[in-house]
>>> print(open('coords.cif').read())   # mmCIF, C-alpha atoms
data_data
#
loop_
_atom_site.group_PDB
_atom_site.id
_atom_site.type_symbol
_atom_site.label_atom_id
_atom_site.label_comp_id
_atom_site.auth_asym_id
_atom_site.auth_seq_id
_atom_site.Cartn_x
_atom_site.Cartn_y
_atom_site.Cartn_z
ATOM 1 C CA MET L 1 14.790 -136.283 -227.893
ATOM 2 C CA ALA L 2 16.171 -138.894 -225.555
ATOM 3 C CA SER L 3 12.713 -139.505 -224.121
ATOM 4 C CA LYS L 4 12.569 -142.839 -225.948
ATOM 5 C CA ASN L 5 15.236 -144.235 -223.616
ATOM 6 C CA VAL L 6 13.040 -144.072 -220.572
ATOM 7 C CA ALA L 7 10.825 -147.027 -219.828
ATOM 8 C CA PRO L 8 7.279 -145.686 -219.395
ATOM 9 C CA THR L 9 6.616 -147.091 -215.950
ATOM 10 C CA LYS L 10 5.039 -145.589 -212.877
ATOM 11 C CA THR L 11 8.296 -145.799 -210.936
ATOM 12 C CA ASN L 12 10.076 -143.779 -213.552
ATOM 13 C CA LEU L 13 7.266 -141.271 -213.612
ATOM 14 C CA ILE L 14 7.527 -140.697 -209.870
ATOM 15 C CA LYS L 15 11.284 -140.443 -210.067
ATOM 16 C CA LEU L 16 11.196 -137.947 -212.930
ATOM 17 C CA LYS L 17 8.532 -135.865 -211.288
ATOM 18 C CA GLN L 18 10.706 -135.567 -208.216
ATOM 19 C CA GLU L 19 13.665 -134.635 -210.342
ATOM 20 C CA LEU L 20 11.652 -131.969 -212.091
ATOM 21 C CA LYS L 21 10.536 -130.518 -208.796
ATOM 22 C CA PHE L 22 14.117 -130.455 -207.593
ATOM 23 C CA ALA L 23 15.325 -128.780 -210.776
ATOM 24 C CA LYS L 24 12.666 -126.094 -210.501
ATOM 25 C CA LEU L 25 13.578 -125.412 -206.889
ATOM 26 C CA GLY L 26 17.247 -125.212 -207.813
ATOM 27 C CA HIS L 27 16.473 -122.859 -210.642
ATOM 28 C CA GLU L 28 14.560 -120.570 -208.350
ATOM 29 C CA LEU L 29 17.328 -120.511 -205.764
ATOM 30 C CA LEU L 30 20.055 -119.889 -208.312
ATOM 31 C CA ASP L 31 18.013 -117.116 -209.831
ATOM 32 C CA GLN L 32 17.806 -115.445 -206.440
ATOM 33 C CA LYS L 33 21.516 -115.952 -205.893
ATOM 34 C CA ARG L 34 22.281 -114.343 -209.227
ATOM 35 C CA ASN L 35 20.146 -111.320 -208.421
ATOM 36 C CA ILE L 36 21.766 -110.808 -205.051
ATOM 37 C CA LEU L 37 25.260 -111.113 -206.531
ATOM 38 C CA VAL L 38 24.508 -108.654 -209.306
ATOM 39 C CA ILE L 39 23.142 -106.112 -206.831
ATOM 40 C CA GLU L 40 26.284 -106.456 -204.731
ATOM 41 C CA LEU L 41 28.452 -106.173 -207.816
ATOM 42 C CA LEU L 42 26.791 -102.978 -209.005
ATOM 43 C CA LYS L 43 27.200 -101.441 -205.591
ATOM 44 C CA LEU L 44 30.910 -102.216 -205.522
ATOM 45 C CA ILE L 45 31.507 -101.035 -209.077
ATOM 46 C CA ASP L 46 30.091 -97.600 -208.369
ATOM 47 C CA GLN L 47 32.370 -97.257 -205.364
ATOM 48 C CA THR L 48 35.386 -98.454 -207.289
ATOM 49 C CA VAL L 49 34.948 -96.102 -210.207
ATOM 50 C CA GLU L 50 34.901 -93.215 -207.778
ATOM 51 C CA LEU L 51 37.887 -94.554 -205.890
ATOM 52 C CA GLN L 52 39.865 -95.057 -209.078
ATOM 53 C CA ASP L 53 39.766 -91.321 -209.761
ATOM 54 C CA ARG L 54 40.836 -90.539 -206.232
ATOM 55 C CA ILE L 55 43.744 -92.964 -206.489
ATOM 56 C CA ASN L 56 44.913 -91.467 -209.747
ATOM 57 C CA ASP L 57 44.813 -87.974 -208.264
ATOM 58 C CA ALA L 58 46.546 -89.000 -205.065
ATOM 59 C CA LEU L 59 49.311 -90.795 -206.935
ATOM 60 C CA ALA L 60 49.823 -87.976 -209.417
ATOM 61 C CA ASN L 61 50.176 -85.674 -206.450
ATOM 62 C CA ALA L 62 52.607 -87.984 -204.715
ATOM 63 C CA TYR L 63 54.829 -88.474 -207.752
ATOM 64 C CA ARG L 64 54.866 -84.761 -208.462
ATOM 65 C CA SER L 65 55.930 -83.784 -204.961
ATOM 66 C CA PHE L 66 58.480 -86.569 -204.901
ATOM 67 C CA GLU L 67 59.976 -85.345 -208.148
ATOM 68 C CA GLU L 68 59.930 -81.808 -206.867
ATOM 69 C CA SER L 69 61.862 -82.788 -203.763
ATOM 70 C CA VAL L 70 64.392 -84.666 -205.894
ATOM 71 C CA LEU L 71 64.835 -81.548 -207.989
ATOM 72 C CA LYS L 72 65.308 -79.322 -204.969
ATOM 73 C CA MET L 73 67.540 -81.506 -202.841
ATOM 74 C CA GLY L 74 69.109 -84.053 -205.132
ATOM 75 C CA LYS L 75 68.348 -87.746 -205.374
ATOM 76 C CA LEU L 76 70.955 -88.842 -202.886
ATOM 77 C CA THR L 77 69.587 -86.667 -200.108
ATOM 78 C CA VAL L 78 66.061 -87.789 -200.814
ATOM 79 C CA VAL L 79 67.077 -91.433 -200.714
ATOM 80 C CA ASN L 80 68.932 -90.832 -197.479
ATOM 81 C CA ILE L 81 66.005 -89.078 -195.922
ATOM 82 C CA SER L 82 63.521 -91.648 -197.060
ATOM 83 C CA SER L 83 65.592 -94.410 -195.532
ATOM 84 C CA ALA L 84 65.517 -92.472 -192.289
ATOM 85 C CA VAL L 85 61.736 -92.302 -192.300
ATOM 86 C CA ASN L 86 60.462 -94.911 -189.971
ATOM 87 C CA VAL L 87 56.891 -95.571 -190.945
ATOM 88 C CA THR L 88 55.675 -99.120 -191.031
ATOM 89 C CA THR L 89 52.431 -100.275 -192.476
ATOM 90 C CA ASP L 90 50.546 -103.274 -191.396
ATOM 91 C CA ILE L 91 47.567 -104.798 -193.132
ATOM 92 C CA VAL L 92 45.041 -107.213 -191.833
ATOM 93 C CA ILE L 93 43.029 -109.080 -194.409
ATOM 94 C CA LYS L 94 39.737 -110.482 -193.288
ATOM 95 C CA ASP L 95 37.040 -112.348 -195.136
ATOM 96 C CA ARG L 96 33.480 -111.367 -195.820
ATOM 97 C CA ARG L 97 31.146 -113.884 -197.382
ATOM 98 C CA VAL L 98 28.392 -113.037 -199.834
ATOM 99 C CA MET L 99 26.445 -116.012 -201.132
ATOM 100 C CA GLY L 100 29.381 -118.319 -200.562
ATOM 101 C CA VAL L 101 31.914 -116.052 -202.264
ATOM 102 C CA SER L 102 34.670 -114.925 -199.953
ATOM 103 C CA LEU L 103 35.544 -111.270 -200.366
ATOM 104 C CA PRO L 104 38.556 -109.677 -198.716
ATOM 105 C CA ILE L 105 38.376 -106.799 -196.278
ATOM 106 C CA VAL L 106 41.612 -104.888 -195.955
ATOM 107 C CA ASP L 107 42.543 -102.929 -192.884
ATOM 108 C CA THR L 108 45.646 -100.749 -193.071
ATOM 109 C CA THR L 109 47.346 -99.342 -190.009
ATOM 110 C CA PHE L 110 50.343 -97.037 -189.947
ATOM 111 C CA ASN L 111 52.901 -97.023 -187.199
ATOM 112 C CA GLU L 112 54.720 -93.701 -187.165
ATOM 113 C CA PHE L 113 57.490 -92.364 -185.014
ATOM 114 C CA PRO L 114 58.122 -88.769 -186.090
ATOM 115 C CA PRO L 115 60.162 -86.662 -186.399
ATOM 116 C CA TYR L 116 62.377 -88.392 -188.921
ATOM 117 C CA TYR L 117 64.670 -85.662 -190.122
ATOM 118 C CA SER L 118 65.707 -82.169 -189.325
ATOM 119 C CA PRO L 119 63.394 -79.507 -190.671
ATOM 120 C CA THR L 120 66.398 -77.369 -191.448
ATOM 121 C CA GLY L 121 68.226 -78.246 -194.608
ATOM 122 C CA THR L 122 65.308 -80.227 -195.972
ATOM 123 C CA ASN L 123 62.815 -78.956 -198.455
ATOM 124 C CA PHE L 124 59.126 -78.784 -197.723
ATOM 125 C CA TRP L 125 58.361 -80.918 -200.769
ATOM 126 C CA ILE L 126 59.677 -83.960 -198.999
ATOM 127 C CA ASP L 127 57.047 -83.475 -196.314
ATOM 128 C CA VAL L 128 54.378 -83.175 -198.951
ATOM 129 C CA ALA L 129 55.680 -86.263 -200.724
ATOM 130 C CA LEU L 130 55.670 -88.261 -197.519
ATOM 131 C CA LYS L 131 52.145 -87.207 -196.686
ATOM 132 C CA SER L 132 50.756 -87.805 -200.145
ATOM 133 C CA PHE L 133 52.298 -91.252 -200.441
ATOM 134 C CA LYS L 134 50.740 -92.133 -197.136
ATOM 135 C CA ASP L 135 47.369 -90.903 -198.314
ATOM 136 C CA ALA L 136 47.687 -92.858 -201.534
ATOM 137 C CA LEU L 137 48.552 -96.006 -199.646
ATOM 138 C CA LYS L 138 45.553 -95.577 -197.395
ATOM 139 C CA ILE L 139 43.196 -95.530 -200.356
ATOM 140 C CA LEU L 140 45.067 -98.324 -202.090
ATOM 141 C CA GLY L 141 44.168 -100.861 -199.449
ATOM 142 C CA ARG L 142 40.494 -100.155 -199.881
ATOM 143 C CA PHE L 143 40.897 -100.126 -203.638
ATOM 144 C CA ALA L 144 42.559 -103.535 -203.692
ATOM 145 C CA GLU L 145 39.744 -104.881 -201.547
ATOM 146 C CA LEU L 146 37.077 -103.565 -203.922
ATOM 147 C CA LYS L 147 38.789 -104.606 -207.092
ATOM 148 C CA ILE L 148 39.416 -108.168 -206.000
ATOM 149 C CA SER L 149 35.867 -108.390 -204.651
ATOM 150 C CA ILE L 150 34.507 -107.298 -208.005
ATOM 151 C CA ILE L 151 36.540 -109.838 -209.894
ATOM 152 C CA ARG L 152 35.473 -112.670 -207.597
ATOM 153 C CA LEU L 153 31.839 -111.634 -207.626
ATOM 154 C CA ALA L 154 31.801 -111.304 -211.387
ATOM 155 C CA THR L 155 33.288 -114.775 -211.777
ATOM 156 C CA GLU L 156 30.627 -116.157 -209.478
ATOM 157 C CA VAL L 157 27.852 -114.313 -211.326
ATOM 158 C CA HIS L 158 29.118 -115.795 -214.552
ATOM 159 C CA LYS L 159 29.070 -119.305 -213.115
ATOM 160 C CA THR L 160 25.602 -118.821 -211.665
ATOM 161 C CA ILE L 161 24.236 -117.503 -214.937
ATOM 162 C CA ARG L 162 25.519 -120.582 -216.710
ATOM 163 C CA LYS L 163 23.875 -122.848 -214.180
ATOM 164 C CA VAL L 164 20.589 -120.954 -214.358
ATOM 165 C CA ASN L 165 20.622 -121.141 -218.125
ATOM 166 C CA ALA L 166 21.481 -124.829 -218.149
ATOM 167 C CA LEU L 167 18.545 -125.560 -215.873
ATOM 168 C CA GLU L 168 16.146 -123.243 -217.652
ATOM 169 C CA LYS L 169 16.999 -124.090 -221.232
ATOM 170 C CA ILE L 170 17.975 -127.760 -221.008
ATOM 171 C CA ALA L 171 17.248 -129.649 -217.808
ATOM 172 C CA ILE L 172 13.748 -128.389 -217.073
ATOM 173 C CA PRO L 173 12.311 -128.676 -220.625
ATOM 174 C CA GLU L 174 13.824 -132.133 -221.002
ATOM 175 C CA LEU L 175 12.374 -133.382 -217.738
ATOM 176 C CA THR L 176 8.981 -131.864 -218.542
ATOM 177 C CA GLU L 177 8.984 -133.714 -221.826
ATOM 178 C CA PHE L 178 9.900 -137.021 -220.173
ATOM 179 C CA VAL L 179 7.115 -136.643 -217.667
ATOM 180 C CA LYS L 180 4.617 -135.804 -220.401
ATOM 181 C CA PHE L 181 5.744 -138.727 -222.495
ATOM 182 C CA ILE L 182 5.432 -141.229 -219.674
ATOM 183 C CA GLN L 183 2.082 -139.877 -218.593
ATOM 184 C CA ALA L 184 0.744 -140.179 -222.124
ATOM 185 C CA ARG L 185 2.000 -143.739 -222.407
ATOM 186 C CA LEU L 186 0.520 -144.748 -219.069
ATOM 187 C CA GLU L 187 -2.842 -143.291 -219.986
ATOM 188 C CA GLU L 188 -2.731 -145.017 -223.321
ATOM 189 C CA ASN L 189 -2.052 -148.331 -221.582
ATOM 190 C CA GLU L 190 -4.950 -147.733 -219.257
ATOM 191 C CA ARG L 191 -7.328 -147.155 -222.140
ATOM 192 C CA ASP L 192 -6.001 -150.274 -223.865
ATOM 193 C CA MET L 193 -6.665 -152.245 -220.739
ATOM 194 C CA PHE L 194 -10.158 -150.799 -220.407
ATOM 195 C CA ILE L 195 -11.116 -151.742 -223.962
ATOM 196 C CA LEU L 196 -9.656 -155.179 -223.470
ATOM 197 C CA MET L 197 -11.748 -155.720 -220.363
ATOM 198 C CA LYS L 198 -14.878 -154.538 -222.167
ATOM 199 C CA MET L 199 -14.236 -156.969 -224.975
ATOM 200 C CA VAL L 200 -13.676 -159.872 -222.617
ATOM 201 C CA LYS L 201 -16.848 -159.019 -220.770
ATOM 202 C CA LYS L 202 -18.827 -158.851 -224.014
ATOM 203 C CA ARG L 203 -17.483 -162.176 -225.142
ATOM 204 C CA LEU L 204 -18.286 -163.830 -221.833
ATOM 205 C CA GLU L 205 -21.817 -162.438 -221.946
ATOM 206 C CA SER L 206 -22.456 -163.681 -225.494
ATOM 207 C CA LYS L 207 -21.128 -167.097 -224.485
ATOM 208 C CA ARG L 208 -23.522 -167.209 -221.530
ATOM 209 C CA GLU L 209 -26.458 -166.264 -223.782
ATOM 210 C CA LYS L 210 -25.681 -169.075 -226.210
ATOM 211 C CA ALA L 211 -25.448 -171.586 -223.432
ATOM 212 C CA MET O 1 50.901 -108.704 -193.388
ATOM 213 C CA LYS O 2 52.661 -106.238 -195.654
ATOM 214 C CA TYR O 3 52.383 -104.441 -198.925
ATOM 215 C CA PHE O 4 54.917 -105.157 -201.630
ATOM 216 C CA ILE O 5 55.567 -102.799 -204.501
ATOM 217 C CA ILE O 6 56.941 -103.595 -207.929
ATOM 218 C CA GLY O 7 57.497 -100.615 -210.164
ATOM 219 C CA ASP O 8 59.862 -98.017 -211.493
ATOM 220 C CA GLU O 9 62.390 -96.322 -209.271
ATOM 221 C CA ASP O 10 60.171 -93.404 -208.279
ATOM 222 C CA ALA O 11 57.258 -95.537 -207.224
ATOM 223 C CA VAL O 12 59.431 -97.900 -205.209
ATOM 224 C CA LEU O 13 61.296 -95.047 -203.513
ATOM 225 C CA GLY O 14 58.147 -93.112 -202.812
ATOM 226 C CA PHE O 15 56.276 -95.989 -201.291
ATOM 227 C CA GLY O 16 59.485 -97.035 -199.591
ATOM 228 C CA MET O 17 59.195 -93.832 -197.579
ATOM 229 C CA VAL O 18 55.974 -95.009 -196.026
ATOM 230 C CA GLY O 19 57.292 -98.393 -195.122
ATOM 231 C CA VAL O 20 56.460 -100.447 -198.187
ATOM 232 C CA PHE O 21 59.124 -102.871 -199.207
ATOM 233 C CA GLY O 22 59.573 -103.170 -202.941
ATOM 234 C CA ARG O 23 61.642 -104.085 -205.941
ATOM 235 C CA VAL O 24 62.517 -101.976 -208.958
ATOM 236 C CA ALA O 25 61.819 -103.621 -212.285
ATOM 237 C CA THR O 26 62.602 -102.330 -215.731
ATOM 238 C CA ASN O 27 62.373 -105.394 -217.965
ATOM 239 C CA PRO O 28 60.254 -108.551 -218.063
ATOM 240 C CA GLU O 29 62.836 -110.760 -216.327
ATOM 241 C CA GLU O 30 63.258 -108.375 -213.428
ATOM 242 C CA ALA O 31 59.524 -107.964 -213.171
ATOM 243 C CA GLU O 32 59.000 -111.696 -213.183
ATOM 244 C CA ASN O 33 61.655 -112.250 -210.529
ATOM 245 C CA ALA O 34 60.260 -109.529 -208.319
ATOM 246 C CA PHE O 35 56.760 -110.903 -208.753
ATOM 247 C CA ASN O 36 57.859 -114.417 -207.826
ATOM 248 C CA ASP O 37 59.646 -113.107 -204.768
ATOM 249 C CA ALA O 38 56.574 -111.197 -203.692
ATOM 250 C CA ILE O 39 54.354 -114.226 -204.107
ATOM 251 C CA ASN O 40 56.702 -116.595 -202.344
ATOM 252 C CA ASP O 41 56.937 -114.316 -199.341
ATOM 253 C CA ARG O 42 54.159 -115.468 -197.071
ATOM 254 C CA ASN O 43 54.084 -112.098 -195.421
ATOM 255 C CA THR O 44 52.917 -110.331 -198.571
ATOM 256 C CA GLY O 45 49.275 -109.386 -198.348
ATOM 257 C CA ILE O 46 48.878 -106.961 -201.212
ATOM 258 C CA ILE O 47 51.120 -106.550 -204.227
ATOM 259 C CA ILE O 48 51.119 -103.070 -205.714
ATOM 260 C CA ILE O 49 52.368 -103.101 -209.281
ATOM 261 C CA THR O 50 52.574 -100.226 -211.708
ATOM 262 C CA GLU O 51 50.570 -100.614 -214.873
ATOM 263 C CA ARG O 52 53.554 -100.447 -217.208
ATOM 264 C CA ILE O 53 55.376 -103.195 -215.334
ATOM 265 C CA ALA O 54 52.226 -105.283 -215.082
ATOM 266 C CA GLU O 55 51.925 -104.980 -218.846
ATOM 267 C CA LEU O 56 55.318 -106.710 -219.185
ATOM 268 C CA ILE O 57 54.154 -109.820 -217.361
ATOM 269 C CA ARG O 58 50.467 -109.500 -218.155
ATOM 270 C CA ALA O 59 49.734 -113.231 -218.428
ATOM 271 C CA LYS O 60 51.164 -114.001 -215.035
ATOM 272 C CA VAL O 61 49.503 -111.060 -213.303
ATOM 273 C CA ASP O 62 46.146 -111.891 -214.786
ATOM 274 C CA ARG O 63 46.429 -115.502 -213.730
ATOM 275 C CA TYR O 64 46.969 -114.408 -210.149
ATOM 276 C CA ILE O 65 44.248 -111.778 -210.249
ATOM 277 C CA PHE O 66 41.617 -114.074 -211.636
ATOM 278 C CA SER O 67 42.324 -117.458 -210.149
ATOM 279 C CA GLU O 68 44.369 -117.196 -206.982
ATOM 280 C CA ARG O 69 42.831 -116.205 -203.702
ATOM 281 C CA PHE O 70 46.003 -114.715 -202.348
ATOM 282 C CA PRO O 71 47.781 -112.293 -202.380
ATOM 283 C CA LEU O 72 45.665 -109.417 -203.597
ATOM 284 C CA ILE O 73 47.093 -107.557 -206.562
ATOM 285 C CA VAL O 74 46.406 -103.946 -207.393
ATOM 286 C CA GLU O 75 47.655 -102.006 -210.383
ATOM 287 C CA ILE O 76 48.456 -98.332 -210.085
ATOM 288 C CA PRO O 77 49.449 -95.720 -212.647
ATOM 289 C CA ASP O 78 53.119 -94.737 -212.542
ATOM 290 C CA ARG O 79 54.804 -91.368 -212.770
ATOM 291 C CA GLN O 80 53.728 -90.861 -216.365
ATOM 292 C CA GLY O 81 50.095 -91.126 -215.463
ATOM 293 C CA PRO O 82 47.528 -93.810 -216.254
ATOM 294 C CA LEU O 83 48.118 -95.927 -219.333
ATOM 295 C CA ALA O 84 46.142 -94.595 -222.260
ATOM 296 C CA GLY O 85 43.527 -96.924 -223.611
ATOM 297 C CA LYS O 86 43.486 -99.120 -220.559
ATOM 298 C CA ALA O 87 40.099 -100.583 -219.923
ATOM 299 C CA GLY O 88 38.252 -99.292 -216.884
ATOM 300 C CA ILE O 89 36.881 -101.562 -214.226
ATOM 301 C CA ARG O 90 33.505 -101.843 -215.953
ATOM 302 C CA ASP O 91 35.067 -102.842 -219.254
ATOM 303 C CA MET O 92 37.371 -105.223 -217.467
ATOM 304 C CA VAL O 93 34.428 -107.011 -215.932
ATOM 305 C CA ASN O 94 32.534 -107.049 -219.220
ATOM 306 C CA GLN O 95 35.511 -108.334 -221.102
ATOM 307 C CA ALA O 96 36.689 -110.976 -218.673
ATOM 308 C CA ILE O 97 33.364 -112.315 -217.586
ATOM 309 C CA GLY O 98 31.193 -111.555 -220.569
ATOM 310 C CA ILE O 99 28.349 -109.935 -218.726
ATOM 311 C CA LYS O 100 27.004 -106.509 -219.489
ATOM 312 C CA LEU O 101 26.478 -104.212 -216.532
#
>>> encode(input="coords.cif", output="structure tokens")
Amino acid sequence: MASKNVAPTKTNLIKLKQELKFAKLGHELLDQKRNILVIELLKLIDQTVELQDRINDALANAYRSFEESVLKMGKLTVVNISSAVNVTTDIVIKDRRVMGVSLPIVDTTFNEFPPYYSPTGTNFWIDVALKSFKDALKILGRFAELKISIIRLATEVHKTIRKVNALEKIAIPELTEFVKFIQARLEENERDMFILMKMVKKRLESKREKA
Amino acid sequence: MKYFIIGDEDAVLGFGMVGVFGRVATNPEEAENAFNDAINDRNTGIIIITERIAELIRAKVDRYIFSERFPLIVEIPDRQGPLAGKAGIRDMVNQAIGIKL
């Protein structure tokens, strides 16, 4: 390992110990962050799977009634009528933050000014079509919100997992090894010094005896 | 902000009824043009795109879904129903991010 590049001094030891402490703290925090994100993600996924089915049903319904009204009244009439329908949708997109990830919140409002067309001479399927498309659109806003949230959360989870792993598998073991290495060297030096002192003392004493 | 729909004629007409502005697309160029228009319009909040059209410009759609913050993009099945063999949301997450849930 690269431990041989570090000079075994006390300063370095203190520095590395601090670094190790910091890395461990970071690891702990990131681990918590990952757990929170995953919990949030699971919650959203369950909701989305359910919503997906509802969307598919709502759209199938809408397309079917639209087709039916085209069959009954002819495309031209349907196009004419639909251009007469004066419904406007407005969405407000807000932000919600989870662990520093911004997730959208979609709010859909409809502005309606009925009636749009004469009930005589029009088929009832056009009413159904209009209603079902509106329903579908209502769910779609929520669906878009969930789906994008999931994608963003998942990306963040992925990033966090990589960071956690990097700290756990590389940074922390490496730092621990450095610290161990320096500590061993310092102790070794101390013992060297101790023996040296003993020897000097012995020599001085034997000199004094001779004198 | 507004919705914007890109899809086949039925989808665009249908959503047009409830006040969603949209463009009909039948081939990759049209889809790409419509998509660019939708993105360049600052008033577009959510782009609704049918799965079959999204398939035509998959690379571009995915880039926007995964890396851009705005606008939001949502894929819907068209008149012929959901695309067979399309990965669900769980698989999509697994595949794109590489984490098992």
>>> closest_residue(input="coords.cif", among="L:Lys134, L:Arg54, L:Lys207, L:Lys180", to="chain O", atoms="all atoms listed in the file")
L:Lys134
>>> interface_residues(input="coords.cif", of="chain L", to="chain O", cutoff="9 Å", atoms="only C-alpha atoms", output="MDAnalysis selection string")
chainID L and resid 38 42 45 48:49 52 55:56 59:60 62:64 66:67 79 81:93 104 110 129:131 133:134 137 140:141 143:145 147:148 150:152 154:155 157:158
>>> residues_near_point(input="coords.cif", point="(27.7, -119.6, -209.1)", cutoff="10 Å", atoms="only C-alpha atoms", output="VMD selection string")
chain L and resid 30 33 to 34 37 99 to 101 153 to 164
>>> atom_distance(input="coords.cif", atom1="atom CA of Asn123 of chain L", atom2="atom CA of Leu71 of chain L")
10.1 Å
>>> atom_distance(input="coords.cif", atom1="atom CA of Asp127 of chain L", atom2="atom CA of Leu83 of chain O")
27.7 Å
>>> resolve_selection(input="coords.cif", expression="the PyMOL selection byres ((chain O and resi 22-38) around 6)", output="number ranges by chain")
O: 4-9, 12, 21, 39-41, 56
>>> resolve_selection(input="coords.cif", expression="the PyMOL selection byres ((chain L and resi 177) around 12)", output="number ranges by chain")
L: 1-4, 6, 13, 16-17, 20, 170-176, 178-184
>>> atom_distance(input="coords.cif", atom1="atom CA of Ala136 of chain L", atom2="atom CA of Asn61 of chain L")
9.1 Å
